[in-house]
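Q: Handing you a structure now.
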Amino acid sequence: MQQLEALVRAAEAEVDRQMQICNACRYCEGFCAVFPAMTRRLSFDGADAHYLANLCHNCGACLHACQYAPPHEFAVNVPRAMAQLRVKTYEEFAWPRGLGGLYRRNGLFVALATAAWLAFFLVLATWGRPGEGRDAASLAGNFYAVFPHGTLVTMFGVVFLWALFALAVGVTRFWRAIGPEGSEPGAAAEATRDALTLRYLDGGHGEGCNDEDDRFTLRRRVFHHFTFYGFMLCFAATCVATVYHYAMGLHAPYPLASLPVVLGTLGGIGLVIGPVGLLWLNFRRHPLHTEPSQRPMDVGFIALLLATSITGLALLGWRDTSAMPTWLAIHLGCVMALFLTLPYGKFAHAAYRVAALLKYQVERRRRNPVAVAAD
Ligand code: SF4
Ligand code: SF4
């Protein structure tokens, strides 16, 4: 624990050092929300550093613009300093705290091992029902013949509520540390719009951010959108199916042209295109942009998203065959692993980022306490 404290303080001190230089320079003021937020303070330690780190989304633009970037002796590398601290944010505010550290250190292994273990257990459970769930004609895509509806609701209810609770505790801790007093009219709406449109991935000029070099590209924004809206469509499919089941008495399996299946299929396709693109970009990023210790966690999250979408589409393709129970078990294992690890990695950044954007929108509606620069 003492080692974690020392690492967190060192990462905060580096953000503080670099922001002191940026605050004197201010060349990047128009790039993203980090720099206008910076002009409102004179020191950047503790909670302020975590706030700025989560306003940054690692677009890389300020590194390519910076005259003090390595090999200059000032060694200003804002994307990396922010990325190093963001990883610590996930761990510092995570609940339970130990899981944040476990996932940070072994992200890819933890993600894949959790999915494999759960899938194996669930496949065994389908085999433990001899005579049931193996006859394609009798199954006819009926998942509840393999796992009863009540069993699925209990399993996923527990996992979903765990993820929601852990994320809520983490974000509440974060907000208490950084949060401004009170709110301002319109701040929440603008922060939500900024988050949903990934506004600051446009580089501040609409042409996009940087990946492997100083050319601007909108690829990262596009692949993030495929991922986010793919995830939301899959979530919407589950919600619609729940309404069908409980409110309308319509029970699965649903026809291929039904709303839950169409939403789930479109979401699954988005969740293949987005993560494949992000994985491709992850390995092409300029090495100075990234924090190498963060890669296993990023790749672990992307791998779980891909495993979830690919097994979901496979389940759709084989749902009327005798392979359906096995695909169902594998898919459910991946979904459960995804939700169990959501609060401790890359996904948590989305929640912390929305909180940081909200603070930013509240602050910029108030007078600048430093009053030496315009927002
Ligand atoms: S990143 Fe470099 S160029 Fe940009 S504000 Fe900081 S010191 Fe100036
Ligand atoms: S990397 Fe991009 S988002 Fe992060 S501080 Fe620099 S310009 Fe802003």
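Residues are referred to by chain and number: the chain letter is A, B, ... according to the order shown in the structure tokens, the number counts from 1 in that chain, and ligands are numbered separately from 1 in the order shown.
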Identify, on the basis of only C-alpha atoms, every residue whose closest approach to segment 245-247 of chain A does not exceed 12 Å; exclude the query and any residue fewer than 6 positions from it along the same chain; express the result as a PDB file with all heavy atoms, in the first residue's frame.

A:
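Below is the file part21.pdb, written as the result:
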ATOM      1  N   HIS A 149     -34.764 -18.997 -17.155  1.00  0.00           N
ATOM      2  CA  HIS A 149     -34.800 -17.540 -17.112  1.00  0.00           C
ATOM      3  C   HIS A 149     -34.427 -17.008 -15.729  1.00  0.00           C
ATOM      4  O   HIS A 149     -33.619 -16.075 -15.593  1.00  0.00           O
ATOM      5  CB  HIS A 149     -36.216 -17.073 -17.495  1.00  0.00           C
ATOM      6  CG  HIS A 149     -36.341 -15.585 -17.552  1.00  0.00           C
ATOM      7  ND1 HIS A 149     -36.885 -14.839 -16.523  1.00  0.00           N
ATOM      8  CD2 HIS A 149     -35.968 -14.692 -18.495  1.00  0.00           C
ATOM      9  CE1 HIS A 149     -36.854 -13.557 -16.849  1.00  0.00           C
ATOM     10  NE2 HIS A 149     -36.312 -13.433 -18.041  1.00  0.00           N
ATOM     11  N   GLY A 150     -34.978 -17.617 -14.684  1.00  0.00           N
ATOM     12  CA  GLY A 150     -34.694 -17.158 -13.311  1.00  0.00           C
ATOM     13  C   GLY A 150     -33.213 -17.272 -12.979  1.00  0.00           C
ATOM     14  O   GLY A 150     -32.644 -16.397 -12.313  1.00  0.00           O
ATOM     15  N   VAL A 153     -31.390 -14.426 -14.753  1.00  0.00           N
ATOM     16  CA  VAL A 153     -31.661 -13.128 -14.111  1.00  0.00           C
ATOM     17  C   VAL A 153     -30.860 -13.022 -12.814  1.00  0.00           C
ATOM     18  O   VAL A 153     -30.248 -11.983 -12.531  1.00  0.00           O
ATOM     19  CB  VAL A 153     -33.172 -12.978 -13.833  1.00  0.00           C
ATOM     20  CG1 VAL A 153     -33.442 -11.757 -12.942  1.00  0.00           C
ATOM     21  CG2 VAL A 153     -33.936 -12.842 -15.141  1.00  0.00           C
ATOM     22  N   THR A 238     -31.073  -5.789 -24.497  1.00  0.00           N
ATOM     23  CA  THR A 238     -31.400  -6.479 -23.242  1.00  0.00           C
ATOM     24  C   THR A 238     -32.590  -5.808 -22.560  1.00  0.00           C
ATOM     25  O   THR A 238     -33.491  -6.489 -22.041  1.00  0.00           O
ATOM     26  CB  THR A 238     -30.166  -6.446 -22.304  1.00  0.00           C
ATOM     27  OG1 THR A 238     -29.049  -6.949 -23.020  1.00  0.00           O
ATOM     28  CG2 THR A 238     -30.391  -7.284 -21.068  1.00  0.00           C
ATOM     29  N   CYS A 239     -32.614  -4.474 -22.577  1.00  0.00           N
ATOM     30  CA  CYS A 239     -33.726  -3.747 -21.933  1.00  0.00           C
ATOM     31  C   CYS A 239     -35.050  -4.040 -22.652  1.00  0.00           C
ATOM     32  O   CYS A 239     -36.073  -4.286 -21.999  1.00  0.00           O
ATOM     33  CB  CYS A 239     -33.460  -2.241 -21.947  1.00  0.00           C
ATOM     34  SG  CYS A 239     -32.052  -1.769 -20.926  1.00  0.00           S
ATOM     35  N   PRO A 253     -37.402 -17.580 -27.515  1.00  0.00           N
ATOM     36  CA  PRO A 253     -36.592 -16.898 -28.532  1.00  0.00           C
ATOM     37  C   PRO A 253     -37.414 -15.960 -29.404  1.00  0.00           C
ATOM     38  O   PRO A 253     -38.552 -16.261 -29.747  1.00  0.00           O
ATOM     39  CB  PRO A 253     -36.043 -18.063 -29.369  1.00  0.00           C
ATOM     40  CG  PRO A 253     -37.070 -19.147 -29.234  1.00  0.00           C
ATOM     41  CD  PRO A 253     -37.630 -19.013 -27.851  1.00  0.00           C
ATOM     42  N   TYR A 254     -36.802 -14.820 -29.756  1.00  0.00           N
ATOM     43  CA  TYR A 254     -37.457 -13.845 -30.612  1.00  0.00           C
ATOM     44  C   TYR A 254     -37.012 -14.051 -32.061  1.00  0.00           C
ATOM     45  O   TYR A 254     -35.875 -14.462 -32.317  1.00  0.00           O
ATOM     46  CB  TYR A 254     -37.086 -12.428 -30.153  1.00  0.00           C
ATOM     47  CG  TYR A 254     -37.473 -12.156 -28.719  1.00  0.00           C
ATOM     48  CD1 TYR A 254     -36.505 -11.960 -27.740  1.00  0.00           C
ATOM     49  CD2 TYR A 254     -38.818 -12.134 -28.343  1.00  0.00           C
ATOM     50  CE1 TYR A 254     -36.866 -11.735 -26.416  1.00  0.00           C
ATOM     51  CE2 TYR A 254     -39.179 -11.921 -27.018  1.00  0.00           C
ATOM     52  CZ  TYR A 254     -38.207 -11.723 -26.065  1.00  0.00           C
ATOM     53  OH  TYR A 254     -38.563 -11.523 -24.756  1.00  0.00           O
ATOM     54  N   PRO A 260     -35.376  -6.832 -30.324  1.00  0.00           N
ATOM     55  CA  PRO A 260     -34.195  -7.187 -29.509  1.00  0.00           C
ATOM     56  C   PRO A 260     -33.075  -7.814 -30.341  1.00  0.00           C
ATOM     57  O   PRO A 260     -31.897  -7.532 -30.126  1.00  0.00           O
ATOM     58  CB  PRO A 260     -34.743  -8.193 -28.485  1.00  0.00           C
ATOM     59  CG  PRO A 260     -36.204  -8.006 -28.485  1.00  0.00           C
ATOM     60  CD  PRO A 260     -36.583  -7.506 -29.836  1.00  0.00           C
TER      61      PRO A 260
END

Q: If the limit is 6 Å from any atom of ligand 1, counting only C-alpha atoms and all ligand atoms, which residues qualify? Return them as a list in words.

A: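 So the residues close to ligand 1 are Ile21, Cys22, Cys25, Arg26, Tyr27, Cys28, Cys62, Leu63, Ala65, Cys66, Gln67 and Tyr68 of chain A.
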
Q: Between A:Val110, A:Leu259, A:Met336, A:Leu201, which is the closest to ligand 2 once you count only C-alpha atoms and all ligand atoms?

A: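 Looking only at the distances to ligand 2, the closest residue turns out to be A:Leu201.
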
Q: Residues at most 10 Å from Ala125 of chain A, counting only C-alpha atoms, excluding those fewer than 3 positions away in the same chain, as a PyMOL selection string?

A: chain A and resi 119-122+128-129+146-147+325-326+329

Q: Keeping only all heavy atoms, take the residues you just selected and write them out as a CSV table (one decimal), in the first residue's frame.

A:
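Output below, filename result_27.csv:
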chain,number,residue,atom,x,y,z
A,119,ALA,N,-16.6,-19.2,-18.5
A,119,ALA,CA,-17.2,-20.0,-19.7
A,119,ALA,C,-17.1,-21.5,-19.5
A,119,ALA,O,-18.0,-22.3,-19.7
A,119,ALA,CB,-16.5,-19.6,-21.0
A,120,PHE,N,-15.9,-21.9,-19.0
A,120,PHE,CA,-15.7,-23.3,-18.7
A,120,PHE,C,-16.7,-23.9,-17.7
A,120,PHE,O,-17.3,-24.9,-17.9
A,120,PHE,CB,-14.3,-23.5,-18.1
A,120,PHE,CG,-13.9,-24.9,-17.8
A,120,PHE,CD1,-13.8,-25.9,-18.7
A,120,PHE,CD2,-13.8,-25.3,-16.4
A,120,PHE,CE1,-13.5,-27.2,-18.4
A,120,PHE,CE2,-13.5,-26.6,-16.1
A,120,PHE,CZ,-13.3,-27.6,-17.0
A,121,PHE,N,-16.9,-23.1,-16.6
A,121,PHE,CA,-17.9,-23.5,-15.6
A,121,PHE,C,-19.3,-23.6,-16.2
A,121,PHE,O,-20.0,-24.6,-15.9
A,121,PHE,CB,-17.8,-22.4,-14.5
A,121,PHE,CG,-18.8,-22.6,-13.4
A,121,PHE,CD1,-18.6,-23.6,-12.4
A,121,PHE,CD2,-20.0,-21.9,-13.3
A,121,PHE,CE1,-19.5,-23.8,-11.4
A,121,PHE,CE2,-20.9,-22.1,-12.3
A,121,PHE,CZ,-20.7,-23.0,-11.3
A,122,LEU,N,-19.6,-22.6,-17.0
A,122,LEU,CA,-21.0,-22.7,-17.6
A,122,LEU,C,-21.2,-23.8,-18.6
A,122,LEU,O,-22.2,-24.4,-18.8
A,122,LEU,CB,-21.3,-21.3,-18.2
A,122,LEU,CG,-21.5,-20.2,-17.2
A,122,LEU,CD1,-21.5,-18.8,-17.9
A,122,LEU,CD2,-22.8,-20.4,-16.4
A,128,GLY,N,-24.0,-30.9,-17.6
A,128,GLY,CA,-24.6,-31.5,-16.4
A,128,GLY,C,-26.1,-31.8,-16.6
A,128,GLY,O,-26.7,-32.2,-15.6
A,129,ARG,N,-26.6,-31.4,-17.7
A,129,ARG,CA,-28.0,-31.6,-17.9
A,129,ARG,C,-28.2,-32.6,-19.1
A,129,ARG,O,-28.7,-32.2,-20.2
A,129,ARG,CB,-28.7,-30.3,-18.3
A,129,ARG,CG,-28.6,-29.3,-17.1
A,129,ARG,CD,-28.8,-27.9,-17.6
A,129,ARG,NE,-30.1,-27.7,-18.2
A,129,ARG,CZ,-31.2,-27.4,-17.6
A,129,ARG,NH1,-31.1,-27.3,-16.3
A,129,ARG,NH2,-32.3,-27.2,-18.2
A,146,VAL,N,-31.8,-24.1,-21.8
A,146,VAL,CA,-30.4,-24.5,-21.4
A,146,VAL,C,-30.2,-23.9,-20.0
A,146,VAL,O,-29.8,-24.6,-19.0
A,146,VAL,CB,-29.3,-23.9,-22.3
A,146,VAL,CG1,-27.9,-24.3,-21.9
A,146,VAL,CG2,-29.6,-24.4,-23.8
A,147,PHE,N,-30.4,-22.6,-19.8
A,147,PHE,CA,-30.4,-21.9,-18.5
A,147,PHE,C,-31.7,-21.3,-18.2
A,147,PHE,O,-32.1,-20.4,-19.0
A,147,PHE,CB,-29.3,-20.9,-18.5
A,147,PHE,CG,-27.9,-21.4,-18.6
A,147,PHE,CD1,-27.2,-21.2,-19.8
A,147,PHE,CD2,-27.3,-22.1,-17.5
A,147,PHE,CE1,-25.9,-21.7,-19.9
A,147,PHE,CE2,-26.0,-22.6,-17.7
A,147,PHE,CZ,-25.3,-22.4,-18.9
A,325,PRO,N,-26.0,-24.5,-27.0
A,325,PRO,CA,-25.7,-24.5,-25.5
A,325,PRO,C,-24.3,-24.1,-25.2
A,325,PRO,O,-24.0,-23.3,-24.3
A,325,PRO,CB,-26.1,-25.9,-25.0
A,325,PRO,CG,-27.0,-26.4,-26.0
A,325,PRO,CD,-26.6,-25.8,-27.4
A,326,THR,N,-23.4,-24.6,-26.1
A,326,THR,CA,-21.9,-24.3,-25.8
A,326,THR,C,-21.6,-22.9,-26.1
A,326,THR,O,-21.0,-22.2,-25.3
A,326,THR,CB,-21.1,-25.2,-26.7
A,326,THR,OG1,-21.4,-26.6,-26.4
A,326,THR,CG2,-19.6,-25.0,-26.4
A,329,ALA,N,-23.1,-20.7,-23.3
A,329,ALA,CA,-22.2,-20.7,-22.1
A,329,ALA,C,-21.0,-19.9,-22.3
A,329,ALA,O,-20.6,-19.1,-21.4
A,329,ALA,CB,-21.9,-22.2,-21.8

Q: Mind listing the residues within 6 Å of ligand 2, only C-alpha atoms and all ligand atoms counted, as a PyMOL selection string?

A: chain A and resi 31-32+34+56-62+78-79

Q: Since we have the selection now, will you write its residues out, keeping N, CA, C and O atoms, as an mmCIF file, in the first residue's frame?

A:
data_model
loop_
_atom_site.group_PDB
_atom_site.id
_atom_site.type_symbol
_atom_site.label_atom_id
_atom_site.label_comp_id
_atom_site.auth_asym_id
_atom_site.auth_seq_id
_atom_site.Cartn_x
_atom_site.Cartn_y
_atom_site.Cartn_z
ATOM 1 N N PHE A 31 -6.519 23.548 -27.441
ATOM 2 C CA PHE A 31 -6.556 22.151 -27.864
ATOM 3 C C PHE A 31 -7.673 21.335 -27.221
ATOM 4 O O PHE A 31 -8.330 20.537 -27.866
ATOM 5 N N CYS A 32 -7.824 21.437 -25.929
ATOM 6 C CA CYS A 32 -8.812 20.600 -25.235
ATOM 7 C C CYS A 32 -9.142 21.269 -23.923
ATOM 8 O O CYS A 32 -8.641 22.342 -23.612
ATOM 9 N N VAL A 34 -8.262 20.491 -20.957
ATOM 10 C CA VAL A 34 -7.216 20.481 -19.926
ATOM 11 C C VAL A 34 -6.612 21.880 -19.752
ATOM 12 O O VAL A 34 -6.425 22.352 -18.626
ATOM 13 N N CYS A 56 -8.051 14.771 -19.835
ATOM 14 C CA CYS A 56 -7.230 14.420 -21.009
ATOM 15 C C CYS A 56 -7.674 13.058 -21.530
ATOM 16 O O CYS A 56 -7.949 12.159 -20.758
ATOM 17 N N HIS A 57 -7.785 12.944 -22.854
ATOM 18 C CA HIS A 57 -8.119 11.627 -23.407
ATOM 19 C C HIS A 57 -6.998 11.145 -24.325
ATOM 20 O O HIS A 57 -7.222 10.382 -25.243
ATOM 21 N N ASN A 58 -5.797 11.643 -24.051
ATOM 22 C CA ASN A 58 -4.610 11.112 -24.715
ATOM 23 C C ASN A 58 -4.650 11.267 -26.229
ATOM 24 O O ASN A 58 -4.277 10.357 -26.967
ATOM 25 N N CYS A 59 -5.074 12.459 -26.707
ATOM 26 C CA CYS A 59 -5.132 12.639 -28.161
ATOM 27 C C CYS A 59 -3.747 12.848 -28.748
ATOM 28 O O CYS A 59 -3.534 12.642 -29.939
ATOM 29 N N GLY A 60 -2.800 13.283 -27.931
ATOM 30 C CA GLY A 60 -1.422 13.417 -28.409
ATOM 31 C C GLY A 60 -1.110 14.750 -29.053
ATOM 32 O O GLY A 60 0.053 15.036 -29.354
ATOM 33 N N ALA A 61 -2.137 15.597 -29.291
ATOM 34 C CA ALA A 61 -1.920 16.832 -30.043
ATOM 35 C C ALA A 61 -0.898 17.740 -29.365
ATOM 36 O O ALA A 61 -0.040 18.334 -30.027
ATOM 37 N N CYS A 62 -0.972 17.864 -28.035
ATOM 38 C CA CYS A 62 -0.078 18.815 -27.362
ATOM 39 C C CYS A 62 1.369 18.328 -27.385
ATOM 40 O O CYS A 62 2.288 19.145 -27.323
ATOM 41 N N VAL A 78 2.789 15.817 -21.949
ATOM 42 C CA VAL A 78 1.532 15.867 -21.199
ATOM 43 C C VAL A 78 0.706 14.584 -21.392
ATOM 44 O O VAL A 78 0.197 14.031 -20.409
ATOM 45 N N PRO A 79 0.564 14.042 -22.635
ATOM 46 C CA PRO A 79 -0.253 12.816 -22.771
ATOM 47 C C PRO A 79 0.243 11.679 -21.883
ATOM 48 O O PRO A 79 -0.554 11.001 -21.247
#

Q: Would you mind listing what lies within 12 Å of Val261 of chain A as a PyMOL selection string, with only C-alpha atoms counted and same-chain residues fewer than 4 positions away left out?

A: chain A and resi 141+233-241+252-257+265-268+312-313+315-317+319

Q: Can you pull out the residues contacting segment 191-194 of chain A? Cut-off 12 Å, using only C-alpha atoms, and skip same-chain residues under 4 positions away; I want them as a list in words.

A: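 In the requested form, the answer reads Cys32, Ala33, Leu55, Ser183, Glu184, Pro185, Gly186, Ala187, Leu198, Arg199, Tyr200, Leu201, Asp202, Ala350, Ala351, Arg353, Val354, Ala355, Ala356, Leu357, Leu358, Lys359, Tyr360, Gln361, Val362, Glu363 and Arg364 of chain A.
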
Q: Using atom CA of Lys88 of chain A and atom CA of Glu12 of chain A as the two end points, give the distance in Å to one decimal.

A: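 Spanning atom CA of Lys88 of chain A to atom CA of Glu12 of chain A is a straight-line distance of 9.3 Å.
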
Q: For a test of reading the model, state the distance in Å between atom CA of Ala75 of chain A and atom CA of Ala10 of chain A, rounded to one decimal.

A: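 Calculated distance between atom CA of Ala75 of chain A and atom CA of Ala10 of chain A is 15.6 Å.
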
Q: Tell me which of A:Val262, A:Leu4, A:Cys209, A:Leu124 sits closest to His289 of chain A, counting only C-alpha atoms.

A: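 Checking each of A:Val262, A:Leu4, A:Cys209, A:Leu124 against His289 of chain A, counting only C-alpha atoms, the winner is A:Cys209.
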
Q: Mind giving me the straight-line distance from atom CA of Phe156 of chain A to atom CA of Glu91 of chain A in Å, one decimal?

A: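 Value for the atom CA of Phe156 of chain A-atom CA of Glu91 of chain A distance: 24.7 Å.
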